[in-house]
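Asker: My questions all concern the structure below.
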Amino acid sequence: MTERVRGFPAFPARAGRGPFARSWWGRAWLRAMEDTALDQRQLRRGQRYAAAGLVGPIAVSPGRIAATVDDTDGGPYRTSLRLAELSTTDWDRLLGHAADRAAHLAALLDRDLPPELADDVGLLPGIGDLDPECDCPGWELPCRHAAALSFQVSWLLDADPFVLLLMRGRTEREVLDELGRRTSRPPEGVLAADAYARAVPPLPDLAEFMPVPRH
């Protein structure tokens, strides 16, 4: 199971009051949290905690994001956000659409998330889809600790939408392997006997499409 958990080091404190999420999917993630919140003061405090670097290392796994969050009034507190994994049917539709559209596949490999692809299965959370948990004494949900975690998760999503796919149930390697299998299938209309009689084409080398690190 360890290969299905991604760990991210704690973010340092950030100066300034710029936007927390720059990508459209990062902003959609924050809207899901903000639209569910009962107390906007908790969100504002959570934003300050996130900017101050009070969130510890973040662990992302299918259906769950977790971290510890320090507080000026105590802590650290164990905080998590739960998000339902996609069904097998939804994954099949999502991967099928990505494999059928070269532009969608290229965008994913460039760490971009096409809106049409995300909308196909409701990949991003909506109102009430994020389930925050925290062992702090506060009763509000999301509390300031869960809000701080959510704000920092938007930074992770900005950098890599595969983090969202992991939350929804599939690792990057699982997604890319399945896309490789789907894009190497015989074209429709070819008899199965003829297809198996031919040499099996090699899987595409997805590494060739990976973005070149920017210096």
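Going through the structure tokens in order, the chains are called A, B, and so on, while each chain numbers its residues from 1 and the ligands are numbered from 1 in the order shown.
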Just want the 7 Å neighbourhood of segment 114-125 of chain A, counted on only C-alpha atoms, with same-chain residues fewer than 5 positions away dropped. Output as a PyMOL selection string.

Answerer: chain A and resi 29+32+90+94+104+107+130

Asker: Can you pull out every residue within 10 Å of Gln42 of chain A, counting only C-alpha atoms, but drop anything in the same chain fewer than 2 positions away, and send it as a PyMOL selection string?

Answerer: chain A and resi 37-40+44-48+140-148

Asker: Taking only C-alpha atoms into account, produce a table as a Markdown table in which each residue of segment 99-141 of chain A with an atom at most 10 Å from an atom of segment 155-162 of chain A appears once, together with its shortest atom pair and the distance in Å to one decimal, ordered by chain and rising number.

Answerer:
```
| residue | atom | partner | partner_atom | distance |
| --- | --- | --- | --- | --- |
| A:Leu108 | CA | A:Pro161 | CA | 7.8 |
| A:Leu109 | CA | A:Phe162 | CA | 9.4 |
| A:Asp110 | CA | A:Asp160 | CA | 9.1 |
| A:Arg111 | CA | A:Asp160 | CA | 5.5 |
| A:Asp112 | CA | A:Pro161 | CA | 6.7 |
| A:Leu113 | CA | A:Pro161 | CA | 6.4 |
```

Asker: If you keep all heavy atoms, can you produce a file of those selected residues as a PDB file, in the first residue's frame?

Answerer:
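The result, written out as again.pdb:
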```pdb
ATOM      1  N   LEU A 108      -2.587  16.165 -19.859  1.00  0.00           N
ATOM      2  CA  LEU A 108      -2.300  15.478 -18.596  1.00  0.00           C
ATOM      3  C   LEU A 108      -0.800  15.288 -18.402  1.00  0.00           C
ATOM      4  O   LEU A 108      -0.266  15.502 -17.314  1.00  0.00           O
ATOM      5  CB  LEU A 108      -2.996  14.117 -18.564  1.00  0.00           C
ATOM      6  CG  LEU A 108      -4.451  14.075 -18.134  1.00  0.00           C
ATOM      7  CD1 LEU A 108      -4.971  12.643 -18.207  1.00  0.00           C
ATOM      8  CD2 LEU A 108      -4.625  14.639 -16.731  1.00  0.00           C
ATOM      9  N   LEU A 109      -0.123  14.870 -19.447  1.00  0.00           N
ATOM     10  CA  LEU A 109       1.313  14.631 -19.350  1.00  0.00           C
ATOM     11  C   LEU A 109       2.085  15.929 -19.151  1.00  0.00           C
ATOM     12  O   LEU A 109       3.227  15.897 -18.673  1.00  0.00           O
ATOM     13  CB  LEU A 109       1.805  13.906 -20.601  1.00  0.00           C
ATOM     14  CG  LEU A 109       1.245  12.487 -20.779  1.00  0.00           C
ATOM     15  CD1 LEU A 109       1.664  11.915 -22.117  1.00  0.00           C
ATOM     16  CD2 LEU A 109       1.710  11.580 -19.645  1.00  0.00           C
ATOM     17  N   ASP A 110       1.456  17.051 -19.471  1.00  0.00           N
ATOM     18  CA  ASP A 110       2.075  18.357 -19.256  1.00  0.00           C
ATOM     19  C   ASP A 110       1.592  18.975 -17.946  1.00  0.00           C
ATOM     20  O   ASP A 110       1.753  20.168 -17.727  1.00  0.00           O
ATOM     21  CB  ASP A 110       1.759  19.292 -20.425  1.00  0.00           C
ATOM     22  CG  ASP A 110       2.719  20.472 -20.482  1.00  0.00           C
ATOM     23  OD1 ASP A 110       3.898  20.303 -20.117  1.00  0.00           O
ATOM     24  OD2 ASP A 110       2.284  21.570 -20.874  1.00  0.00           O
ATOM     25  N   ARG A 111       0.988  18.143 -17.102  1.00  0.00           N
ATOM     26  CA  ARG A 111       0.483  18.572 -15.793  1.00  0.00           C
ATOM     27  C   ARG A 111      -0.593  19.651 -15.935  1.00  0.00           C
ATOM     28  O   ARG A 111      -0.637  20.625 -15.196  1.00  0.00           O
ATOM     29  CB  ARG A 111       1.627  19.082 -14.907  1.00  0.00           C
ATOM     30  CG  ARG A 111       2.672  18.001 -14.545  1.00  0.00           C
ATOM     31  CD  ARG A 111       1.990  16.851 -13.809  1.00  0.00           C
ATOM     32  NE  ARG A 111       2.932  15.898 -13.246  1.00  0.00           N
ATOM     33  CZ  ARG A 111       3.349  14.773 -13.842  1.00  0.00           C
ATOM     34  NH1 ARG A 111       2.924  14.480 -15.058  1.00  0.00           N
ATOM     35  NH2 ARG A 111       4.168  13.945 -13.237  1.00  0.00           N
ATOM     36  N   ASP A 112      -1.494  19.418 -16.884  1.00  0.00           N
ATOM     37  CA  ASP A 112      -2.634  20.294 -17.096  1.00  0.00           C
ATOM     38  C   ASP A 112      -3.882  19.421 -17.056  1.00  0.00           C
ATOM     39  O   ASP A 112      -3.828  18.231 -17.386  1.00  0.00           O
ATOM     40  CB  ASP A 112      -2.509  21.014 -18.451  1.00  0.00           C
ATOM     41  CG  ASP A 112      -3.517  22.141 -18.603  1.00  0.00           C
ATOM     42  OD1 ASP A 112      -4.191  22.483 -17.621  1.00  0.00           O
ATOM     43  OD2 ASP A 112      -3.624  22.684 -19.720  1.00  0.00           O
ATOM     44  N   LEU A 113      -4.999  20.000 -16.659  1.00  0.00           N
ATOM     45  CA  LEU A 113      -6.238  19.240 -16.551  1.00  0.00           C
ATOM     46  C   LEU A 113      -7.309  19.889 -17.413  1.00  0.00           C
ATOM     47  O   LEU A 113      -7.821  20.961 -17.070  1.00  0.00           O
ATOM     48  CB  LEU A 113      -6.712  19.186 -15.095  1.00  0.00           C
ATOM     49  CG  LEU A 113      -7.971  18.359 -14.804  1.00  0.00           C
ATOM     50  CD1 LEU A 113      -7.763  16.894 -15.174  1.00  0.00           C
ATOM     51  CD2 LEU A 113      -8.365  18.491 -13.337  1.00  0.00           C
TER      52      LEU A 113
END
```

Asker: Enumerate as a list in words all residues of segment 37-154 of chain A assigned to strand (DSSP E) by DSSP on the backbone, naming them with the chain letters and numbers the document uses.

Answerer: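 Taking segment 37-154 of chain A and keeping strand (DSSP E) gives Ile58, Ala59, Val60, Ser61, Arg64, Ile65, Ala66, Ala67, Thr68, Val69, Asp70, Asp71, Gly74, Gly75, Pro76, Tyr77, Arg78, Thr79, Ser80, Leu81, Arg82, Asp131, Pro132, Glu133 and Cys134 of chain A.
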
Asker: Would you save the residues from that selection as a tab-separated table (two decimals), in the first residue's frame, using N, CA, C and O atoms?

Answerer:
```tsv
chain	number	residue	atom	x	y	z
A	58	ILE	N	2.34	16.65	4.19
A	58	ILE	CA	1.01	16.21	3.74
A	58	ILE	C	1.12	14.83	3.10
A	58	ILE	O	1.99	14.60	2.26
A	59	ALA	N	0.24	13.92	3.51
A	59	ALA	CA	0.17	12.58	2.93
A	59	ALA	C	-1.12	12.46	2.12
A	59	ALA	O	-2.21	12.72	2.65
A	60	VAL	N	-0.99	12.09	0.86
A	60	VAL	CA	-2.14	11.94	-0.03
A	60	VAL	C	-2.27	10.48	-0.42
A	60	VAL	O	-1.31	9.85	-0.86
A	61	SER	N	-3.45	9.92	-0.24
A	61	SER	CA	-3.73	8.54	-0.61
A	61	SER	C	-5.15	8.48	-1.16
A	61	SER	O	-5.90	9.45	-1.05
A	64	ARG	N	-8.18	10.11	0.80
A	64	ARG	CA	-7.82	10.79	2.05
A	64	ARG	C	-6.56	11.63	1.90
A	64	ARG	O	-5.61	11.23	1.23
A	65	ILE	N	-6.58	12.81	2.53
A	65	ILE	CA	-5.41	13.68	2.65
A	65	ILE	C	-5.25	13.96	4.13
A	65	ILE	O	-6.22	14.28	4.82
A	66	ALA	N	-4.03	13.88	4.64
A	66	ALA	CA	-3.83	14.05	6.08
A	66	ALA	C	-2.57	14.84	6.37
A	66	ALA	O	-1.59	14.81	5.60
A	67	ALA	N	-2.58	15.54	7.49
A	67	ALA	CA	-1.41	16.30	7.96
A	67	ALA	C	-1.64	16.67	9.41
A	67	ALA	O	-2.77	16.55	9.93
A	68	THR	N	-0.61	17.11	10.08
A	68	THR	CA	-0.75	17.73	11.40
A	68	THR	C	-0.62	19.23	11.22
A	68	THR	O	0.12	19.70	10.35
A	69	VAL	N	-1.37	19.97	12.03
A	69	VAL	CA	-1.38	21.43	11.92
A	69	VAL	C	-1.12	22.03	13.29
A	69	VAL	O	-1.83	21.70	14.25
A	70	ASP	N	-0.12	22.88	13.37
A	70	ASP	CA	0.17	23.59	14.62
A	70	ASP	C	-0.84	24.71	14.82
A	70	ASP	O	-1.53	25.13	13.89
A	71	ASP	N	-0.90	25.20	16.05
A	71	ASP	CA	-1.84	26.26	16.38
A	71	ASP	C	-1.23	27.13	17.46
A	71	ASP	O	-0.50	26.64	18.32
A	74	GLY	N	-2.30	25.77	20.85
A	74	GLY	CA	-2.04	24.37	21.21
A	74	GLY	C	-1.69	23.57	19.98
A	74	GLY	O	-1.26	24.11	18.96
A	75	GLY	N	-1.86	22.26	20.10
A	75	GLY	CA	-1.56	21.40	18.97
A	75	GLY	C	-0.20	20.76	19.13
A	75	GLY	O	0.42	20.87	20.18
A	76	PRO	N	0.31	20.08	18.10
A	76	PRO	CA	-0.33	19.98	16.78
A	76	PRO	C	-1.57	19.08	16.78
A	76	PRO	O	-1.68	18.19	17.62
A	77	TYR	N	-2.45	19.35	15.84
A	77	TYR	CA	-3.68	18.59	15.71
A	77	TYR	C	-3.65	17.74	14.44
A	77	TYR	O	-3.13	18.17	13.41
A	78	ARG	N	-4.18	16.55	14.57
A	78	ARG	CA	-4.25	15.64	13.42
A	78	ARG	C	-5.49	15.99	12.61
A	78	ARG	O	-6.61	15.96	13.11
A	79	THR	N	-5.27	16.31	11.35
A	79	THR	CA	-6.33	16.81	10.48
A	79	THR	C	-6.35	16.01	9.17
A	79	THR	O	-5.31	15.61	8.67
A	80	SER	N	-7.54	15.77	8.65
A	80	SER	CA	-7.64	15.05	7.38
A	80	SER	C	-8.86	15.54	6.60
A	80	SER	O	-9.78	16.15	7.15
A	81	LEU	N	-8.82	15.27	5.31
A	81	LEU	CA	-9.94	15.53	4.41
A	81	LEU	C	-10.23	14.25	3.66
A	81	LEU	O	-9.30	13.63	3.12
A	82	ARG	N	-11.47	13.84	3.63
A	82	ARG	CA	-11.85	12.64	2.89
A	82	ARG	C	-12.65	13.02	1.66
A	82	ARG	O	-13.46	13.95	1.67
A	131	ASP	N	-15.01	15.88	3.22
A	131	ASP	CA	-15.40	15.54	4.58
A	131	ASP	C	-14.21	15.78	5.50
A	131	ASP	O	-13.30	14.95	5.60
A	132	PRO	N	-14.17	16.94	6.20
A	132	PRO	CA	-13.03	17.25	7.07
A	132	PRO	C	-13.13	16.56	8.42
A	132	PRO	O	-14.23	16.37	8.96
A	133	GLU	N	-11.98	16.21	8.97
A	133	GLU	CA	-11.89	15.63	10.31
A	133	GLU	C	-10.71	16.27	11.03
A	133	GLU	O	-9.69	16.57	10.41
A	134	CYS	N	-10.83	16.48	12.35
A	134	CYS	CA	-9.74	17.05	13.12
A	134	CYS	C	-9.95	16.68	14.59
A	134	CYS	O	-11.10	16.60	15.06
```

Asker: How many Å lie between atom CA of Pro12 of chain A and atom CA of Leu164 of chain A, rounded to one decimal?

Answerer: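 So the answer is 22.0 Å.
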
Asker: Taking the backbone alone, and naming residues the way the document does, which bits of segment 82-123 of chain A are alpha helix (DSSP H) by DSSP, as a PDB file with N, CA, C and O atoms, in the first residue's frame?

Answerer:
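Output saved as result.pdb:
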```pdb
ATOM      1  N   THR A  88     -15.610   2.301 -10.578  1.00  0.00           N
ATOM      2  CA  THR A  88     -14.958   1.656 -11.715  1.00  0.00           C
ATOM      3  C   THR A  88     -15.524   2.180 -13.033  1.00  0.00           C
ATOM      4  O   THR A  88     -14.779   2.410 -14.002  1.00  0.00           O
ATOM      5  N   THR A  89     -16.831   2.416 -13.063  1.00  0.00           N
ATOM      6  CA  THR A  89     -17.473   2.941 -14.275  1.00  0.00           C
ATOM      7  C   THR A  89     -16.968   4.335 -14.603  1.00  0.00           C
ATOM      8  O   THR A  89     -16.672   4.652 -15.765  1.00  0.00           O
ATOM      9  N   ASP A  90     -16.852   5.174 -13.589  1.00  0.00           N
ATOM     10  CA  ASP A  90     -16.359   6.534 -13.824  1.00  0.00           C
ATOM     11  C   ASP A  90     -14.906   6.522 -14.292  1.00  0.00           C
ATOM     12  O   ASP A  90     -14.524   7.301 -15.179  1.00  0.00           O
ATOM     13  N   TRP A  91     -14.081   5.660 -13.697  1.00  0.00           N
ATOM     14  CA  TRP A  91     -12.690   5.569 -14.139  1.00  0.00           C
ATOM     15  C   TRP A  91     -12.604   5.096 -15.590  1.00  0.00           C
ATOM     16  O   TRP A  91     -11.797   5.587 -16.373  1.00  0.00           O
ATOM     17  N   ASP A  92     -13.433   4.142 -15.947  1.00  0.00           N
ATOM     18  CA  ASP A  92     -13.420   3.642 -17.315  1.00  0.00           C
ATOM     19  C   ASP A  92     -13.795   4.752 -18.297  1.00  0.00           C
ATOM     20  O   ASP A  92     -13.176   4.896 -19.364  1.00  0.00           O
ATOM     21  N   ARG A  93     -14.794   5.564 -17.936  1.00  0.00           N
ATOM     22  CA  ARG A  93     -15.196   6.666 -18.817  1.00  0.00           C
ATOM     23  C   ARG A  93     -14.103   7.731 -18.887  1.00  0.00           C
ATOM     24  O   ARG A  93     -13.773   8.231 -19.970  1.00  0.00           O
ATOM     25  N   LEU A  94     -13.522   8.079 -17.740  1.00  0.00           N
ATOM     26  CA  LEU A  94     -12.480   9.100 -17.714  1.00  0.00           C
ATOM     27  C   LEU A  94     -11.267   8.681 -18.541  1.00  0.00           C
ATOM     28  O   LEU A  94     -10.772   9.442 -19.382  1.00  0.00           O
ATOM     29  N   LEU A  95     -10.781   7.473 -18.337  1.00  0.00           N
ATOM     30  CA  LEU A  95      -9.605   6.994 -19.057  1.00  0.00           C
ATOM     31  C   LEU A  95      -9.913   6.795 -20.537  1.00  0.00           C
ATOM     32  O   LEU A  95      -9.055   7.021 -21.397  1.00  0.00           O
ATOM     33  N   GLY A  96     -11.135   6.366 -20.834  1.00  0.00           N
ATOM     34  CA  GLY A  96     -11.517   6.203 -22.232  1.00  0.00           C
ATOM     35  C   GLY A  96     -11.503   7.519 -22.983  1.00  0.00           C
ATOM     36  O   GLY A  96     -11.001   7.601 -24.108  1.00  0.00           O
ATOM     37  N   HIS A  97     -12.026   8.561 -22.353  1.00  0.00           N
ATOM     38  CA  HIS A  97     -12.038   9.867 -22.998  1.00  0.00           C
ATOM     39  C   HIS A  97     -10.622  10.416 -23.152  1.00  0.00           C
ATOM     40  O   HIS A  97     -10.290  11.035 -24.171  1.00  0.00           O
ATOM     41  N   ALA A  98      -9.776  10.207 -22.136  1.00  0.00           N
ATOM     42  CA  ALA A  98      -8.394  10.683 -22.231  1.00  0.00           C
ATOM     43  C   ALA A  98      -7.637   9.967 -23.338  1.00  0.00           C
ATOM     44  O   ALA A  98      -6.855  10.577 -24.072  1.00  0.00           O
ATOM     45  N   ALA A  99      -7.871   8.661 -23.475  1.00  0.00           N
ATOM     46  CA  ALA A  99      -7.169   7.887 -24.498  1.00  0.00           C
ATOM     47  C   ALA A  99      -7.667   8.227 -25.903  1.00  0.00           C
ATOM     48  O   ALA A  99      -6.901   8.159 -26.870  1.00  0.00           O
ATOM     49  N   ASP A 100      -8.931   8.611 -26.022  1.00  0.00           N
ATOM     50  CA  ASP A 100      -9.510   8.903 -27.335  1.00  0.00           C
ATOM     51  C   ASP A 100      -9.153  10.295 -27.850  1.00  0.00           C
ATOM     52  O   ASP A 100      -9.308  10.565 -29.034  1.00  0.00           O
ATOM     53  N   ALA A 102      -6.181  12.923 -28.167  1.00  0.00           N
ATOM     54  CA  ALA A 102      -4.735  13.131 -28.023  1.00  0.00           C
ATOM     55  C   ALA A 102      -4.436  14.415 -27.252  1.00  0.00           C
ATOM     56  O   ALA A 102      -3.482  14.469 -26.471  1.00  0.00           O
ATOM     57  N   ALA A 103      -5.258  15.437 -27.434  1.00  0.00           N
ATOM     58  CA  ALA A 103      -5.016  16.700 -26.746  1.00  0.00           C
ATOM     59  C   ALA A 103      -5.181  16.543 -25.239  1.00  0.00           C
ATOM     60  O   ALA A 103      -4.449  17.155 -24.460  1.00  0.00           O
ATOM     61  N   HIS A 104      -6.161  15.735 -24.825  1.00  0.00           N
ATOM     62  CA  HIS A 104      -6.364  15.505 -23.397  1.00  0.00           C
ATOM     63  C   HIS A 104      -5.194  14.748 -22.794  1.00  0.00           C
ATOM     64  O   HIS A 104      -4.727  15.053 -21.696  1.00  0.00           O
ATOM     65  N   LEU A 105      -4.711  13.742 -23.503  1.00  0.00           N
ATOM     66  CA  LEU A 105      -3.580  12.960 -23.019  1.00  0.00           C
ATOM     67  C   LEU A 105      -2.339  13.837 -22.920  1.00  0.00           C
ATOM     68  O   LEU A 105      -1.609  13.795 -21.922  1.00  0.00           O
ATOM     69  N   ALA A 106      -2.103  14.659 -23.951  1.00  0.00           N
ATOM     70  CA  ALA A 106      -0.933  15.533 -23.929  1.00  0.00           C
ATOM     71  C   ALA A 106      -1.023  16.543 -22.789  1.00  0.00           C
ATOM     72  O   ALA A 106      -0.021  16.859 -22.142  1.00  0.00           O
ATOM     73  N   ALA A 107      -2.238  17.039 -22.524  1.00  0.00           N
ATOM     74  CA  ALA A 107      -2.411  18.003 -21.438  1.00  0.00           C
ATOM     75  C   ALA A 107      -2.093  17.367 -20.088  1.00  0.00           C
ATOM     76  O   ALA A 107      -1.398  17.963 -19.256  1.00  0.00           O
ATOM     77  N   LEU A 108      -2.587  16.165 -19.859  1.00  0.00           N
ATOM     78  CA  LEU A 108      -2.300  15.478 -18.596  1.00  0.00           C
ATOM     79  C   LEU A 108      -0.800  15.288 -18.402  1.00  0.00           C
ATOM     80  O   LEU A 108      -0.266  15.502 -17.314  1.00  0.00           O
ATOM     81  N   LEU A 109      -0.123  14.870 -19.447  1.00  0.00           N
ATOM     82  CA  LEU A 109       1.313  14.631 -19.350  1.00  0.00           C
ATOM     83  C   LEU A 109       2.085  15.929 -19.151  1.00  0.00           C
ATOM     84  O   LEU A 109       3.227  15.897 -18.673  1.00  0.00           O
ATOM     85  N   PRO A 115     -10.754  21.000 -18.726  1.00  0.00           N
ATOM     86  CA  PRO A 115     -12.059  21.069 -18.053  1.00  0.00           C
ATOM     87  C   PRO A 115     -13.032  20.012 -18.547  1.00  0.00           C
ATOM     88  O   PRO A 115     -13.799  19.436 -17.748  1.00  0.00           O
ATOM     89  N   GLU A 116     -13.033  19.735 -19.872  1.00  0.00           N
ATOM     90  CA  GLU A 116     -13.971  18.750 -20.409  1.00  0.00           C
ATOM     91  C   GLU A 116     -13.724  17.363 -19.809  1.00  0.00           C
ATOM     92  O   GLU A 116     -14.665  16.615 -19.548  1.00  0.00           O
ATOM     93  N   LEU A 117     -12.468  17.027 -19.592  1.00  0.00           N
ATOM     94  CA  LEU A 117     -12.133  15.724 -19.034  1.00  0.00           C
ATOM     95  C   LEU A 117     -12.591  15.628 -17.584  1.00  0.00           C
ATOM     96  O   LEU A 117     -13.165  14.625 -17.164  1.00  0.00           O
ATOM     97  N   ALA A 118     -12.364  16.687 -16.826  1.00  0.00           N
ATOM     98  CA  ALA A 118     -12.775  16.684 -15.420  1.00  0.00           C
ATOM     99  C   ALA A 118     -14.292  16.652 -15.284  1.00  0.00           C
ATOM    100  O   ALA A 118     -14.832  16.002 -14.381  1.00  0.00           O
ATOM    101  N   ASP A 119     -14.985  17.338 -16.190  1.00  0.00           N
ATOM    102  CA  ASP A 119     -16.441  17.408 -16.106  1.00  0.00           C
ATOM    103  C   ASP A 119     -17.112  16.099 -16.489  1.00  0.00           C
ATOM    104  O   ASP A 119     -18.263  15.852 -16.099  1.00  0.00           O
ATOM    105  N   ASP A 120     -16.416  15.248 -17.255  1.00  0.00           N
ATOM    106  CA  ASP A 120     -17.010  13.992 -17.711  1.00  0.00           C
ATOM    107  C   ASP A 120     -17.516  13.150 -16.552  1.00  0.00           C
ATOM    108  O   ASP A 120     -18.547  12.479 -16.652  1.00  0.00           O
ATOM    109  N   VAL A 121     -16.784  13.158 -15.437  1.00  0.00           N
ATOM    110  CA  VAL A 121     -17.131  12.277 -14.310  1.00  0.00           C
ATOM    111  C   VAL A 121     -17.259  13.042 -12.997  1.00  0.00           C
ATOM    112  O   VAL A 121     -17.352  12.426 -11.935  1.00  0.00           O
TER     113      VAL A 121
END
```

Asker: Rounded to one decimal place, report the atom CA of Gly180 of chain A-atom CA of Gly26 of chain A distance in Å.

Answerer: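 Calculated distance between atom CA of Gly180 of chain A and atom CA of Gly26 of chain A is 26.8 Å.
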